[in-house]
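Next comes work.txt, a file with compact mmCIF, C-alpha atoms.
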# COMPACT_ATOMS: atom_id res chain seq x y z
CA MET A 1 77.05 105.12 122.59
CA PRO A 2 77.29 102.95 119.47
CA GLY A 3 80.10 104.18 117.25
CA ASN A 4 80.47 104.19 113.48
CA ASP A 5 81.83 101.29 111.45
CA ALA A 6 84.83 101.72 109.13
CA TRP A 7 84.87 99.38 106.15
CA LEU A 8 88.47 99.01 104.98
CA THR A 9 89.75 98.61 101.43
CA LEU A 10 91.91 95.62 102.37
CA ASP A 11 91.15 92.42 100.49
CA TYR A 12 91.34 89.54 102.99
CA THR A 13 92.71 87.05 100.47
CA LEU A 14 95.29 89.41 98.94
CA GLN A 15 96.39 90.48 102.43
CA ASP A 16 96.89 86.87 103.43
CA ILE A 17 98.88 86.14 100.27
CA ALA A 18 101.08 89.20 100.81
CA GLU A 19 101.80 88.40 104.46
CA ARG A 20 102.61 84.75 103.79
CA ALA A 21 104.78 85.62 100.78
CA LEU A 22 106.76 88.22 102.72
CA GLU A 23 107.31 85.91 105.68
CA GLY A 24 108.53 83.12 103.41
CA ALA A 25 110.80 85.42 101.41
CA LEU A 26 112.51 86.85 104.48
CA HIS A 27 113.23 83.33 105.69
CA ASP A 28 114.43 82.01 102.32
CA LEU A 29 116.57 85.07 101.53
CA GLY A 30 117.95 85.64 105.02
CA ALA A 31 116.69 89.22 104.88
CA GLU A 32 116.32 91.75 107.69
CA GLY A 33 112.84 92.88 106.74
CA GLY A 34 110.62 94.03 103.94
CA ASP A 35 107.37 95.52 102.72
CA ILE A 36 104.69 94.59 100.20
CA VAL A 37 102.02 97.02 98.96
CA VAL A 38 99.14 96.07 96.63
CA LEU A 39 97.17 99.01 95.25
CA ASP A 40 94.26 99.48 92.85
CA PRO A 41 95.55 102.15 90.41
CA ARG A 42 92.06 103.19 89.26
CA SER A 43 90.71 103.96 92.73
CA GLY A 44 93.74 104.46 94.96
CA GLU A 45 92.47 101.75 97.33
CA VAL A 46 95.15 99.82 99.22
CA LEU A 47 94.19 96.15 98.80
CA ALA A 48 97.02 94.67 100.86
CA ILE A 49 99.93 96.06 102.83
CA ALA A 50 102.44 94.00 104.80
CA SER A 51 105.56 94.89 106.76
CA ARG A 52 107.84 92.58 108.67
CA GLN A 53 111.25 92.73 110.35
CA THR A 54 113.47 89.86 111.47
CA THR A 55 115.79 92.11 113.50
CA GLY A 56 115.11 94.61 116.30
CA VAL A 57 112.22 94.64 118.75
CA GLY A 58 108.56 94.65 117.78
CA ALA A 59 106.78 94.99 114.45
CA ARG A 60 106.71 98.37 112.70
CA PRO A 61 104.50 99.51 109.79
CA THR A 62 107.56 100.35 107.70
CA ALA A 63 105.60 100.56 104.44
CA PHE A 64 104.13 103.79 105.85
CA THR A 65 106.94 105.06 108.07
CA ASP A 66 110.42 104.10 106.81
CA PRO A 67 111.76 105.81 103.67
CA PHE A 68 114.47 104.12 101.59
CA GLU A 69 116.48 105.03 98.52
CA PRO A 70 114.53 103.33 95.72
CA GLY A 71 117.38 102.59 93.33
CA SER A 72 116.49 101.70 89.77
CA THR A 73 112.73 101.64 90.38
CA ALA A 74 113.09 105.46 90.23
CA LYS A 75 114.55 105.52 86.71
CA LEU A 76 111.02 105.70 85.29
CA PHE A 77 110.48 109.10 86.90
CA THR A 78 113.51 110.73 85.28
CA ALA A 79 112.44 109.10 82.02
CA ALA A 80 108.98 110.63 82.51
CA ALA A 81 110.49 114.12 82.85
CA LEU A 82 112.65 113.65 79.75
CA LEU A 83 109.67 112.52 77.68
CA ARG A 84 107.25 115.14 79.02
CA LEU A 85 109.68 117.99 78.28
CA GLY A 86 110.66 116.61 74.86
CA ARG A 87 114.35 116.19 75.74
CA VAL A 88 114.59 112.74 74.20
CA ASP A 89 112.97 110.73 71.42
CA SER A 90 113.01 107.07 70.42
CA THR A 91 116.21 107.43 68.36
CA ASP A 92 118.36 109.36 70.86
CA ALA A 93 121.14 107.22 72.30
CA VAL A 94 124.11 107.51 74.66
CA SER A 95 127.16 105.31 75.11
CA GLY A 96 127.17 102.44 77.60
CA HIS A 97 130.92 103.05 78.16
CA CYS A 98 131.42 99.30 78.67
CA GLY A 99 130.09 99.45 82.20
CA LYS A 100 132.25 102.22 83.68
CA LEU A 101 131.97 106.00 83.39
CA VAL A 102 134.14 108.55 85.22
CA VAL A 103 132.34 111.85 85.82
CA ALA A 104 133.92 115.08 87.04
CA THR A 105 131.89 116.42 89.98
CA SER A 106 134.17 119.39 90.63
CA ALA A 107 137.50 120.81 89.49
CA ARG A 108 139.38 118.28 91.63
CA ALA A 109 136.93 115.42 92.21
CA THR A 110 135.60 112.59 90.06
CA TRP A 111 132.94 109.94 90.49
CA THR A 112 132.92 106.51 88.85
CA ILE A 113 129.50 105.21 87.81
CA THR A 114 129.28 101.48 87.10
CA ASP A 115 126.79 99.01 85.65
CA SER A 116 126.51 95.37 86.69
CA HIS A 117 126.06 94.45 83.00
CA GLU A 118 128.63 95.92 80.62
CA GLU A 119 127.12 97.64 77.59
CA CYS A 120 129.73 98.88 75.10
CA GLY A 121 127.35 100.10 72.42
CA GLU A 122 124.79 102.89 72.43
CA LEU A 123 121.57 102.75 74.42
CA THR A 124 118.28 104.52 73.78
CA LEU A 125 116.16 105.58 76.76
CA SER A 126 113.99 102.49 76.29
CA GLU A 127 117.02 100.21 76.25
CA ALA A 128 118.52 101.98 79.27
CA ILE A 129 115.35 101.16 81.24
CA THR A 130 115.25 97.58 79.95
CA VAL A 131 118.80 96.73 81.08
CA SER A 132 118.69 99.23 83.99
CA SER A 133 121.82 101.12 82.95
CA ASN A 134 123.05 103.59 85.57
CA ILE A 135 125.53 105.02 83.08
CA ALA A 136 122.94 105.75 80.40
CA MET A 137 120.47 107.28 82.87
CA ALA A 138 123.21 109.47 84.38
CA GLN A 139 123.94 110.86 80.92
CA PHE A 140 120.29 111.35 80.00
CA SER A 141 119.68 113.16 83.31
CA GLN A 142 122.06 115.96 82.28
CA ARG A 143 119.43 117.08 79.73
CA LEU A 144 117.31 118.26 82.69
CA ASN A 145 118.10 121.12 85.04
CA VAL A 146 117.83 120.52 88.78
CA THR A 147 114.46 122.25 89.07
CA GLU A 148 112.94 120.15 86.28
CA GLN A 149 114.15 116.90 87.80
CA TYR A 150 113.07 117.90 91.31
CA THR A 151 109.64 118.93 90.02
CA ALA A 152 109.17 115.57 88.31
CA LEU A 153 109.89 113.69 91.53
CA ARG A 154 107.69 116.02 93.55
CA ASP A 155 104.83 115.67 91.05
CA PHE A 156 104.91 111.89 91.49
CA GLY A 157 104.31 112.47 95.20
CA PHE A 158 107.78 112.15 96.69
CA GLY A 159 108.79 114.45 99.52
CA SER A 160 105.23 114.86 100.85
CA PRO A 161 102.85 112.52 102.71
CA THR A 162 100.22 110.76 100.64
CA GLY A 163 97.52 111.71 103.17
CA ILE A 164 96.43 108.12 103.74
CA GLU A 165 94.40 107.47 106.92
CA PHE A 166 97.35 106.26 108.97
CA PRO A 167 99.12 108.06 111.84
CA SER A 168 102.81 108.95 111.60
CA GLU A 169 103.06 108.49 107.82
CA SER A 170 106.48 109.62 106.60
CA ARG A 171 106.82 112.29 103.95
CA GLY A 172 110.02 110.68 102.69
CA ALA A 173 113.08 112.78 101.88
CA LEU A 174 113.55 115.08 98.87
CA LYS A 175 115.94 118.02 99.08
CA PRO A 176 114.88 121.31 97.46
CA PRO A 177 116.67 122.09 94.18
CA GLU A 178 118.90 124.76 95.72
CA GLN A 179 120.57 121.98 97.75
CA TRP A 180 121.31 119.82 94.71
CA GLN A 181 124.81 119.54 93.24
CA ALA A 182 124.27 120.15 89.54
CA THR A 183 126.01 117.09 88.07
CA TYR A 184 126.23 114.71 91.00
CA THR A 185 122.68 114.95 92.38
CA ARG A 186 121.01 114.85 88.97
CA ALA A 187 122.82 111.62 88.11
CA SER A 188 122.22 110.16 91.59
CA ALA A 189 118.50 110.95 91.50
CA ALA A 190 118.23 109.38 88.04
CA MET A 191 119.65 106.17 89.58
CA GLY A 192 117.35 106.33 92.62
CA TYR A 193 119.69 107.83 95.22
CA GLU A 194 119.79 111.14 97.09
CA PHE A 195 116.09 110.93 97.98
CA GLY A 196 113.94 108.61 100.09
CA VAL A 197 110.50 107.12 99.47
CA THR A 198 108.17 104.81 101.36
CA ALA A 199 106.84 101.64 99.77
CA LEU A 200 103.38 103.24 99.78
CA GLN A 201 104.64 106.37 97.99
CA LEU A 202 106.36 104.21 95.38
CA ALA A 203 103.17 102.22 94.78
CA SER A 204 101.17 105.44 94.40
CA ALA A 205 103.69 106.82 91.89
CA TYR A 206 103.53 103.68 89.76
CA GLY A 207 99.76 103.84 90.09
CA ALA A 208 99.87 107.22 88.35
CA ILE A 209 101.60 105.61 85.35
CA ALA A 210 98.99 102.84 85.28
CA ASN A 211 96.18 105.40 85.65
CA ASP A 212 96.90 107.21 82.40
CA GLY A 213 99.29 109.68 84.08
CA VAL A 214 96.98 110.85 86.91
CA LEU A 215 98.15 110.51 90.53
CA LEU A 216 95.44 109.44 92.99
CA ALA A 217 95.46 109.79 96.77
CA PRO A 218 95.70 106.30 98.33
CA THR A 219 93.16 105.24 100.93
CA LEU A 220 92.52 102.51 103.49
CA VAL A 221 88.87 103.38 104.14
CA ARG A 222 86.17 102.43 101.64
CA GLU A 223 83.07 103.29 103.68
CA VAL A 224 81.95 104.63 107.04
CA ARG A 225 78.53 103.58 108.28
CA ALA A 226 76.48 104.52 111.32
CA HIS A 227 75.50 101.86 113.87
CA ASP A 228 72.11 101.55 112.15
CA GLY A 229 73.72 100.89 108.75
CA ARG A 230 73.32 104.37 107.24
CA LEU A 231 76.10 105.24 104.80
CA LEU A 232 78.00 108.26 106.12
CA TYR A 233 81.02 108.20 103.77
CA GLN A 234 81.96 106.34 100.62
CA HIS A 235 85.37 106.69 99.02
CA GLN A 236 85.58 108.08 95.52
CA PRO A 237 88.86 108.30 93.56
CA GLU A 238 90.65 111.50 94.57
CA PRO A 239 92.88 112.85 91.77
CA VAL A 240 95.86 114.79 93.12
CA ARG A 241 97.29 116.01 89.82
CA ARG A 242 98.06 114.94 86.28
CA VAL A 243 101.75 114.02 86.44
CA VAL A 244 102.37 113.22 82.77
CA PRO A 245 100.27 113.26 79.58
CA SER A 246 98.54 110.06 78.49
CA SER A 247 101.06 109.58 75.68
CA VAL A 248 103.99 109.65 78.12
CA ALA A 249 102.26 107.21 80.47
CA ALA A 250 101.72 104.84 77.52
CA THR A 251 105.40 105.09 76.55
CA LEU A 252 106.50 104.31 80.10
CA MET A 253 104.21 101.27 80.08
CA ARG A 254 105.96 100.04 76.92
CA TYR A 255 109.31 100.47 78.63
CA MET A 256 108.14 98.43 81.61
CA ARG A 257 106.84 95.64 79.39
CA GLN A 258 110.35 95.29 77.97
CA VAL A 259 111.80 95.05 81.48
CA VAL A 260 109.74 91.87 82.01
CA SER A 261 110.91 90.34 78.72
CA THR A 262 113.84 87.98 78.20
CA GLU A 263 116.05 91.02 77.47
CA GLY A 264 115.10 92.80 80.70
CA THR A 265 116.11 92.60 84.34
CA ALA A 266 112.72 91.22 85.52
CA ARG A 267 112.61 87.99 83.53
CA GLY A 268 111.75 86.19 86.77
CA ALA A 269 108.38 87.97 86.92
CA GLN A 270 107.06 86.56 83.64
CA LEU A 271 103.73 84.74 83.84
CA ALA A 272 102.78 82.02 81.37
CA ASN A 273 99.37 83.40 80.44
CA TYR A 274 99.35 87.10 81.34
CA GLU A 275 101.70 89.97 80.66
CA VAL A 276 103.31 91.85 83.54
CA ALA A 277 104.98 95.27 83.33
CA GLY A 278 107.42 96.53 85.93
CA LYS A 279 110.82 97.81 86.99
CA THR A 280 113.46 96.27 89.22
CA GLY A 281 115.63 98.07 91.75
CA THR A 282 118.82 97.23 93.63
CA ALA A 283 120.24 99.95 95.88
CA ARG A 284 122.89 100.18 98.56
CA ARG A 285 121.42 100.88 102.02
CA PHE A 286 122.62 103.94 103.94
CA ILE A 287 122.79 102.94 107.61
CA ASP A 288 124.68 104.58 110.47
CA GLY A 289 126.43 107.03 108.20
CA ARG A 290 127.67 104.59 105.57
CA TYR A 291 126.41 102.37 102.76
CA GLN A 292 126.13 98.72 103.74
CA GLY A 293 123.95 95.92 102.44
CA TYR A 294 121.30 96.22 99.73
CA THR A 295 117.63 96.93 99.18
CA ALA A 296 116.08 94.70 96.51
CA SER A 297 112.79 95.85 95.03
CA PHE A 298 110.34 95.41 92.20
CA ALA A 299 107.37 97.56 91.18
CA ALA A 300 104.85 95.72 88.99
CA LEU A 301 101.67 96.55 87.08
CA PHE A 302 99.29 93.68 86.36
CA PRO A 303 98.04 92.97 83.79
CA ALA A 304 100.12 95.15 81.49
CA ASP A 305 97.28 95.83 79.04
CA ASP A 306 94.77 97.08 81.62
CA PRO A 307 96.39 97.26 85.08
CA GLN A 308 94.19 96.22 87.99
CA LEU A 309 97.02 95.96 90.52
CA VAL A 310 100.16 97.84 91.45
CA ILE A 311 102.47 95.61 93.48
CA VAL A 312 105.59 96.94 95.19
CA VAL A 313 107.91 94.42 96.86
CA LYS A 314 110.88 95.60 98.93
CA ILE A 315 113.37 93.26 100.63
CA ASN A 316 115.91 94.64 103.11
CA ASN A 317 119.41 93.22 102.82
CA PRO A 318 118.90 89.70 101.43
CA THR A 319 121.94 87.61 102.42
CA LYS A 320 121.17 84.19 100.90
CA GLY A 321 121.79 83.96 97.17
CA SER A 322 121.45 87.05 94.98
CA TYR A 323 120.66 90.52 96.33
CA TYR A 324 119.41 91.89 92.99
CA GLY A 325 115.76 92.92 92.72
CA GLY A 326 115.38 90.94 89.52
CA ALA A 327 116.40 87.72 91.28
CA THR A 328 114.53 88.26 94.56
CA ALA A 329 111.59 90.69 94.48
CA ALA A 330 110.55 89.95 90.87
CA PRO A 331 110.13 86.15 91.34
CA LEU A 332 108.30 86.81 94.63
CA THR A 333 105.87 89.05 92.72
CA LYS A 334 105.29 86.28 90.19
CA GLN A 335 104.60 83.83 93.02
CA MET A 336 102.03 86.18 94.56
CA LEU A 337 100.30 86.80 91.23
CA GLU A 338 100.00 83.06 90.61
CA ARG A 339 98.40 82.65 94.03
CA MET A 340 96.06 85.59 93.41
CA LEU A 341 94.95 84.11 90.10
CA ALA A 342 94.32 80.76 91.77
CA ALA A 343 92.29 82.27 94.63
CA ARG A 344 88.50 82.14 94.42
CA ASN A 345 87.52 85.32 96.23
CA THR A 346 89.53 88.44 95.44
CA THR A 347 88.90 91.90 94.05
CA LEU A 348 90.47 90.88 90.73
CA ASP A 349 88.02 91.38 87.88
CA PHE A 350 88.43 88.16 85.90
CA LYS A 351 86.11 89.35 83.15
CA ARG A 352 88.51 92.24 82.48
CA LEU A 353 91.41 89.78 82.55
CA HIS A 354 89.71 87.61 79.96
CA ASP A 355 88.99 90.64 77.77
CA THR A 356 92.67 91.72 77.80
CA GLU A 357 94.49 88.50 77.07
CA PRO A 358 98.28 88.58 76.84
CA VAL A 359 100.80 88.72 74.05
CA PRO A 360 102.65 85.37 74.15
CA LEU A 361 106.26 85.49 75.33
CA ALA A 362 107.54 84.35 71.95
CA ILE A 363 106.18 87.53 70.39
CA ARG A 364 107.21 89.81 73.27
CA GLU A 365 110.83 88.64 73.17
CA VAL A 366 111.48 89.81 69.61
CA ARG A 367 109.58 93.08 69.86
CA PRO A 368 111.73 96.18 69.23
CA PRO A 369 111.75 98.48 72.29
CA ASP A 370 109.52 101.15 70.79
CA ALA A 371 107.32 99.01 68.56
CA VAL A 372 103.71 98.08 69.24
CA ALA A 373 103.38 94.32 69.51
CA PRO A 374 100.67 92.45 67.61
CA VAL A 375 97.91 91.19 69.88
CA THR A 376 97.18 87.47 70.10
CA ARG A 377 94.29 86.37 72.31
CA VAL A 378 94.64 83.20 74.33
CA ALA A 379 91.75 81.58 76.22
CA TRP A 380 92.21 81.02 79.95
CA PRO A 381 92.48 78.34 81.20
CA TYR A 382 94.65 77.55 78.21
CA ARG A 383 93.32 75.06 75.69
CA ASP A 384 95.13 74.04 72.53
CA ARG A 385 93.41 75.16 69.33
CA ASP A 386 92.85 71.57 68.29
CA THR A 387 91.86 69.93 71.55
CA SER A 388 91.41 66.58 69.89
CA ALA A 389 95.10 66.60 68.99
CA ALA A 390 96.24 68.21 72.25
CA THR A 391 98.93 66.37 74.20
CA PRO A 392 97.32 64.97 77.35
CA VAL A 393 98.56 66.18 80.71
CA THR A 394 98.83 64.23 83.94
CA VAL A 395 96.66 65.23 86.87
CA PRO A 396 99.14 66.13 89.66
CA GLU A 397 98.97 64.74 93.19
CA VAL A 398 97.44 67.43 95.41
CA THR A 399 95.90 65.33 98.20
CA GLY A 400 96.76 66.81 101.59
CA GLN A 401 97.49 70.27 100.21
CA GLY A 402 95.53 73.42 101.01
CA VAL A 403 92.93 74.46 98.45
CA ARG A 404 94.93 77.47 97.22
CA GLU A 405 98.12 75.46 96.65
CA ALA A 406 96.18 72.67 94.97
CA VAL A 407 94.35 75.04 92.61
CA LEU A 408 97.63 76.71 91.70
CA ALA A 409 99.24 73.36 90.88
CA LEU A 410 96.31 72.33 88.68
CA HIS A 411 96.18 75.68 86.86
CA ARG A 412 99.90 75.36 86.10
CA THR A 413 99.12 71.99 84.50
CA ARG A 414 96.50 73.73 82.28
CA LEU A 415 93.52 72.12 84.00
CA ARG A 416 90.26 73.72 85.15
CA VAL A 417 89.26 73.37 88.81
CA ALA A 418 85.99 73.00 90.72
CA VAL A 419 86.31 73.14 94.51
CA HIS A 420 83.89 71.47 96.91
CA GLY A 421 84.44 72.64 100.50
CA THR A 422 87.36 74.22 102.34
CA GLY A 423 90.39 72.91 104.17
CA LEU A 424 92.83 70.26 102.94
CA VAL A 425 92.22 68.30 99.73
CA ALA A 426 90.98 64.77 100.49
CA ARG A 427 90.51 63.45 96.93
CA THR A 428 90.26 64.54 93.31
CA SER A 429 88.30 63.46 90.28
CA PRO A 430 89.93 62.56 87.94
CA ALA A 431 92.44 61.02 90.36
CA ALA A 432 96.13 61.90 90.50
CA GLY A 433 98.13 60.28 87.71
CA THR A 434 95.20 60.22 85.29
CA ALA A 435 95.86 61.47 81.75
CA ALA A 436 93.52 64.34 80.81
CA ASP A 437 93.15 66.83 77.98
CA PRO A 438 94.21 70.42 78.74
CA GLY A 439 91.17 72.33 79.96
CA THR A 440 89.59 69.32 81.69
CA THR A 441 87.83 70.20 84.96
CA VAL A 442 89.30 68.50 88.04
CA HIS A 443 86.96 68.36 91.05
CA LEU A 444 88.53 68.81 94.48
CA TRP A 445 86.80 67.45 97.58
CA THR A 446 88.19 68.61 100.90
CA SER A 447 88.51 67.05 104.32
CA GLU A 448 85.60 69.17 105.57
Write the structure described by the file as structure tokens, please.
Amino acid sequence: MPGNDAWLTLDYTLQDIAERALEGALHDLGAEGGDIVVLDPRSGEVLAIASRQTTGVGARPTAFTDPFEPGSTAKLFTAAALLRLGRVDSTDAVSGHCGKLVVATSARATWTITDSHEECGELTLSEAITVSSNIAMAQFSQRLNVTEQYTALRDFGFGSPTGIEFPSESRGALKPPEQWQATYTRASAAMGYEFGVTALQLASAYGAIANDGVLLAPTLVREVRAHDGRLLYQHQPEPVRRVVPSSVAATLMRYMRQVVSTEGTARGAQLANYEVAGKTGTARRFIDGRYQGYTASFAALFPADDPQLVIVVKINNPTKGSYYGGATAAPLTKQMLERMLAARNTTLDFKRLHDTEPVPLAIREVRPPDAVAPVTRVAWPYRDRDTSAATPVTVPEVTGQGVREAVLALHRTRLRVAVHGTGLVARTSPAAGTAADPGTTVHLWTSE
């Protein structure tokens, strides 16, 4: 008998971008595997999800099934608990201890907490997030009791399956508060250790911050239709709970904007014409009973003013170059966003993008951590205010490239694009090497 049709939430173009980006990153970074999740924070729909391994046998959907310790991407959740319970304000600060803090975990045992960047002065909560200070977050975490910190993590969805329509989804790992060690586990959890999350869970948690503090159940199924076309099911956003008040969600968004500024750890994720918010993570990997290698990650919200996408990138044990999330996962996120903006057919709402233009980097860089930046609107594609006096740009050579790569190159040069056909670019008008004003439309004709 004819069965029903399931219409998935996956966006073909975004899925293709995610898969290609992950494959390229694993090759370039010499990594063992990784995951990318792209989520719509206002609906809970998974728009793209990719998993790949370069070691072992067979492909596994690790974004659903393999929990990992999230590292510094989890600092936002301890910050959320501190803000929601009123344990910290914008002026509270703790010492950076010049990058090394010795903590007594028992009468006869100590634990040394270190930071990769030495901070000898005092750090507010906002500054601790911006520079990703383990030492500051460990100190701030002591203002919470174990039940409060556990509850915050549980409210964001950790320790329980999301309920997405996928078999064998992992619930992650989150010990009940009675199994926590008062000082040690609170500090570890604040730094993103002592509990495990999947890439999908992490994307859902960041989606709650983007969605005004409300956690939504993620989904892969948009519609189910009968064989004759009758609509049997249509997904509607499914709120799970309000995790934090709107005011706390807005504060966390400000913190994440600072992370993607020149003072933050995610400078490599900055876009020229749109503002990104996010948080980097770099964590040791616990394998075969010991810590070895690293997990590099970045959780991003785009655009920062009115998020349409949550993007989580996780790279397992990069061995070429840096292993920090800010130097690996953050630039990869930027690369994907540039490709998404250059694509013609995606679920991105470009009208909303145009209505929420970015604050230029020059303004963002000098903004105090807790201040509200002035808004400057910039037209996209970018055009100088006085186009008659604008410095001409040179049309780049894109013949032989795929349409997506060609459009991206032309957008980077501040040119408009009109595409005629699909396939490889055969010629352009104006031709490569021609001087043109910013905002000029370049027509691409393809080999087909």
Closest of A:Asn145, A:Thr347, A:Asn211, A:Thr130 to A:Pro307, counting all atoms listed in the file, is A:Asn211
Write out as an MDAnalysis selection string which residues come within 7 Å of stretch 243-256 of chain A when counting all atoms listed in the file, dropping same-chain ones fewer than 6 positions away.
chainID A and resid 80 83:84 126 129:130 155:156 209 212:215 277:279
Spatial neighbours of stretch 225-229 of chain A, 8 Å, all atoms listed in the file, chain gap at least 3 places, as JSON, numbers by chain:
{"A": [2, 3, 4, 5, 6, 7, 232, 233]}
Put the listed atoms of stretch 423-433 of chain A in a box along x, y and z with 4 Å added on every side and give me the centre and edge lengths in Å to one decimal, as AutoDock Vina command-line options.
--center_x 93.2 --center_y 66.6 --center_z 95.9 --size_x 17.8 --size_y 20.6 --size_z 24.5
Need the shell around A:Pro218: protein/DNA/RNA residues with any atom at most 12 Å away, counting all atoms listed in the file. Skip same-chain ones fewer than 5 positions apart. Format as a PDB file with C-alpha atoms, keeping the file's coordinate frame?
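Contents of around39.pdb, as written:
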ATOM      1  CA  THR A   9      89.750  98.610 101.430  1.00  0.00           C
ATOM      2  CA  VAL A  37     102.020  97.020  98.960  1.00  0.00           C
ATOM      3  CA  VAL A  38      99.140  96.070  96.630  1.00  0.00           C
ATOM      4  CA  LEU A  39      97.170  99.010  95.250  1.00  0.00           C
ATOM      5  CA  ASP A  40      94.260  99.480  92.850  1.00  0.00           C
ATOM      6  CA  PRO A  41      95.550 102.150  90.410  1.00  0.00           C
ATOM      7  CA  ARG A  42      92.060 103.190  89.260  1.00  0.00           C
ATOM      8  CA  SER A  43      90.710 103.960  92.730  1.00  0.00           C
ATOM      9  CA  GLY A  44      93.740 104.460  94.960  1.00  0.00           C
ATOM     10  CA  GLU A  45      92.470 101.750  97.330  1.00  0.00           C
ATOM     11  CA  VAL A  46      95.150  99.820  99.220  1.00  0.00           C
ATOM     12  CA  LEU A  47      94.190  96.150  98.800  1.00  0.00           C
ATOM     13  CA  ALA A  48      97.020  94.670 100.860  1.00  0.00           C
ATOM     14  CA  ILE A  49      99.930  96.060 102.830  1.00  0.00           C
ATOM     15  CA  PHE A  64     104.130 103.790 105.850  1.00  0.00           C
ATOM     16  CA  GLY A 157     104.310 112.470  95.200  1.00  0.00           C
ATOM     17  CA  PRO A 161     102.850 112.520 102.710  1.00  0.00           C
ATOM     18  CA  THR A 162     100.220 110.760 100.640  1.00  0.00           C
ATOM     19  CA  GLY A 163      97.520 111.710 103.170  1.00  0.00           C
ATOM     20  CA  ILE A 164      96.430 108.120 103.740  1.00  0.00           C
ATOM     21  CA  GLU A 165      94.400 107.470 106.920  1.00  0.00           C
ATOM     22  CA  PHE A 166      97.350 106.260 108.970  1.00  0.00           C
ATOM     23  CA  LEU A 200     103.380 103.240  99.780  1.00  0.00           C
ATOM     24  CA  GLN A 201     104.640 106.370  97.990  1.00  0.00           C
ATOM     25  CA  LEU A 202     106.360 104.210  95.380  1.00  0.00           C
ATOM     26  CA  ALA A 203     103.170 102.220  94.780  1.00  0.00           C
ATOM     27  CA  SER A 204     101.170 105.440  94.400  1.00  0.00           C
ATOM     28  CA  ALA A 205     103.690 106.820  91.890  1.00  0.00           C
ATOM     29  CA  TYR A 206     103.530 103.680  89.760  1.00  0.00           C
ATOM     30  CA  GLY A 207      99.760 103.840  90.090  1.00  0.00           C
ATOM     31  CA  ALA A 208      99.870 107.220  88.350  1.00  0.00           C
ATOM     32  CA  HIS A 235      85.370 106.690  99.020  1.00  0.00           C
ATOM     33  CA  GLN A 236      85.580 108.080  95.520  1.00  0.00           C
ATOM     34  CA  PRO A 237      88.860 108.300  93.560  1.00  0.00           C
ATOM     35  CA  GLU A 238      90.650 111.500  94.570  1.00  0.00           C
ATOM     36  CA  PRO A 239      92.880 112.850  91.770  1.00  0.00           C
ATOM     37  CA  VAL A 240      95.860 114.790  93.120  1.00  0.00           C
ATOM     38  CA  VAL A 310     100.160  97.840  91.450  1.00  0.00           C
TER      39      VAL A 310
END
What's around stretch 116-118 of chain A at 10 Å? Count all atoms listed in the file, leave out sequence neighbours fewer than 5 positions away in its own chain, and write the answer as a short mmCIF file (atom, residue, chain, number, x, y, z; two decimals) with C-alpha atoms, in the coordinates of the input.
data_model
loop_
_atom_site.label_atom_id
_atom_site.label_comp_id
_atom_site.auth_asym_id
_atom_site.auth_seq_id
_atom_site.Cartn_x
_atom_site.Cartn_y
_atom_site.Cartn_z
CA GLY A 96 127.17 102.44 77.60
CA HIS A 97 130.92 103.05 78.16
CA CYS A 98 131.42 99.30 78.67
CA GLY A 99 130.09 99.45 82.20
CA LYS A 100 132.25 102.22 83.68
CA VAL A 131 118.80 96.73 81.08
CA SER A 132 118.69 99.23 83.99
CA SER A 133 121.82 101.12 82.95
CA ASN A 134 123.05 103.59 85.57
CA ILE A 135 125.53 105.02 83.08
#
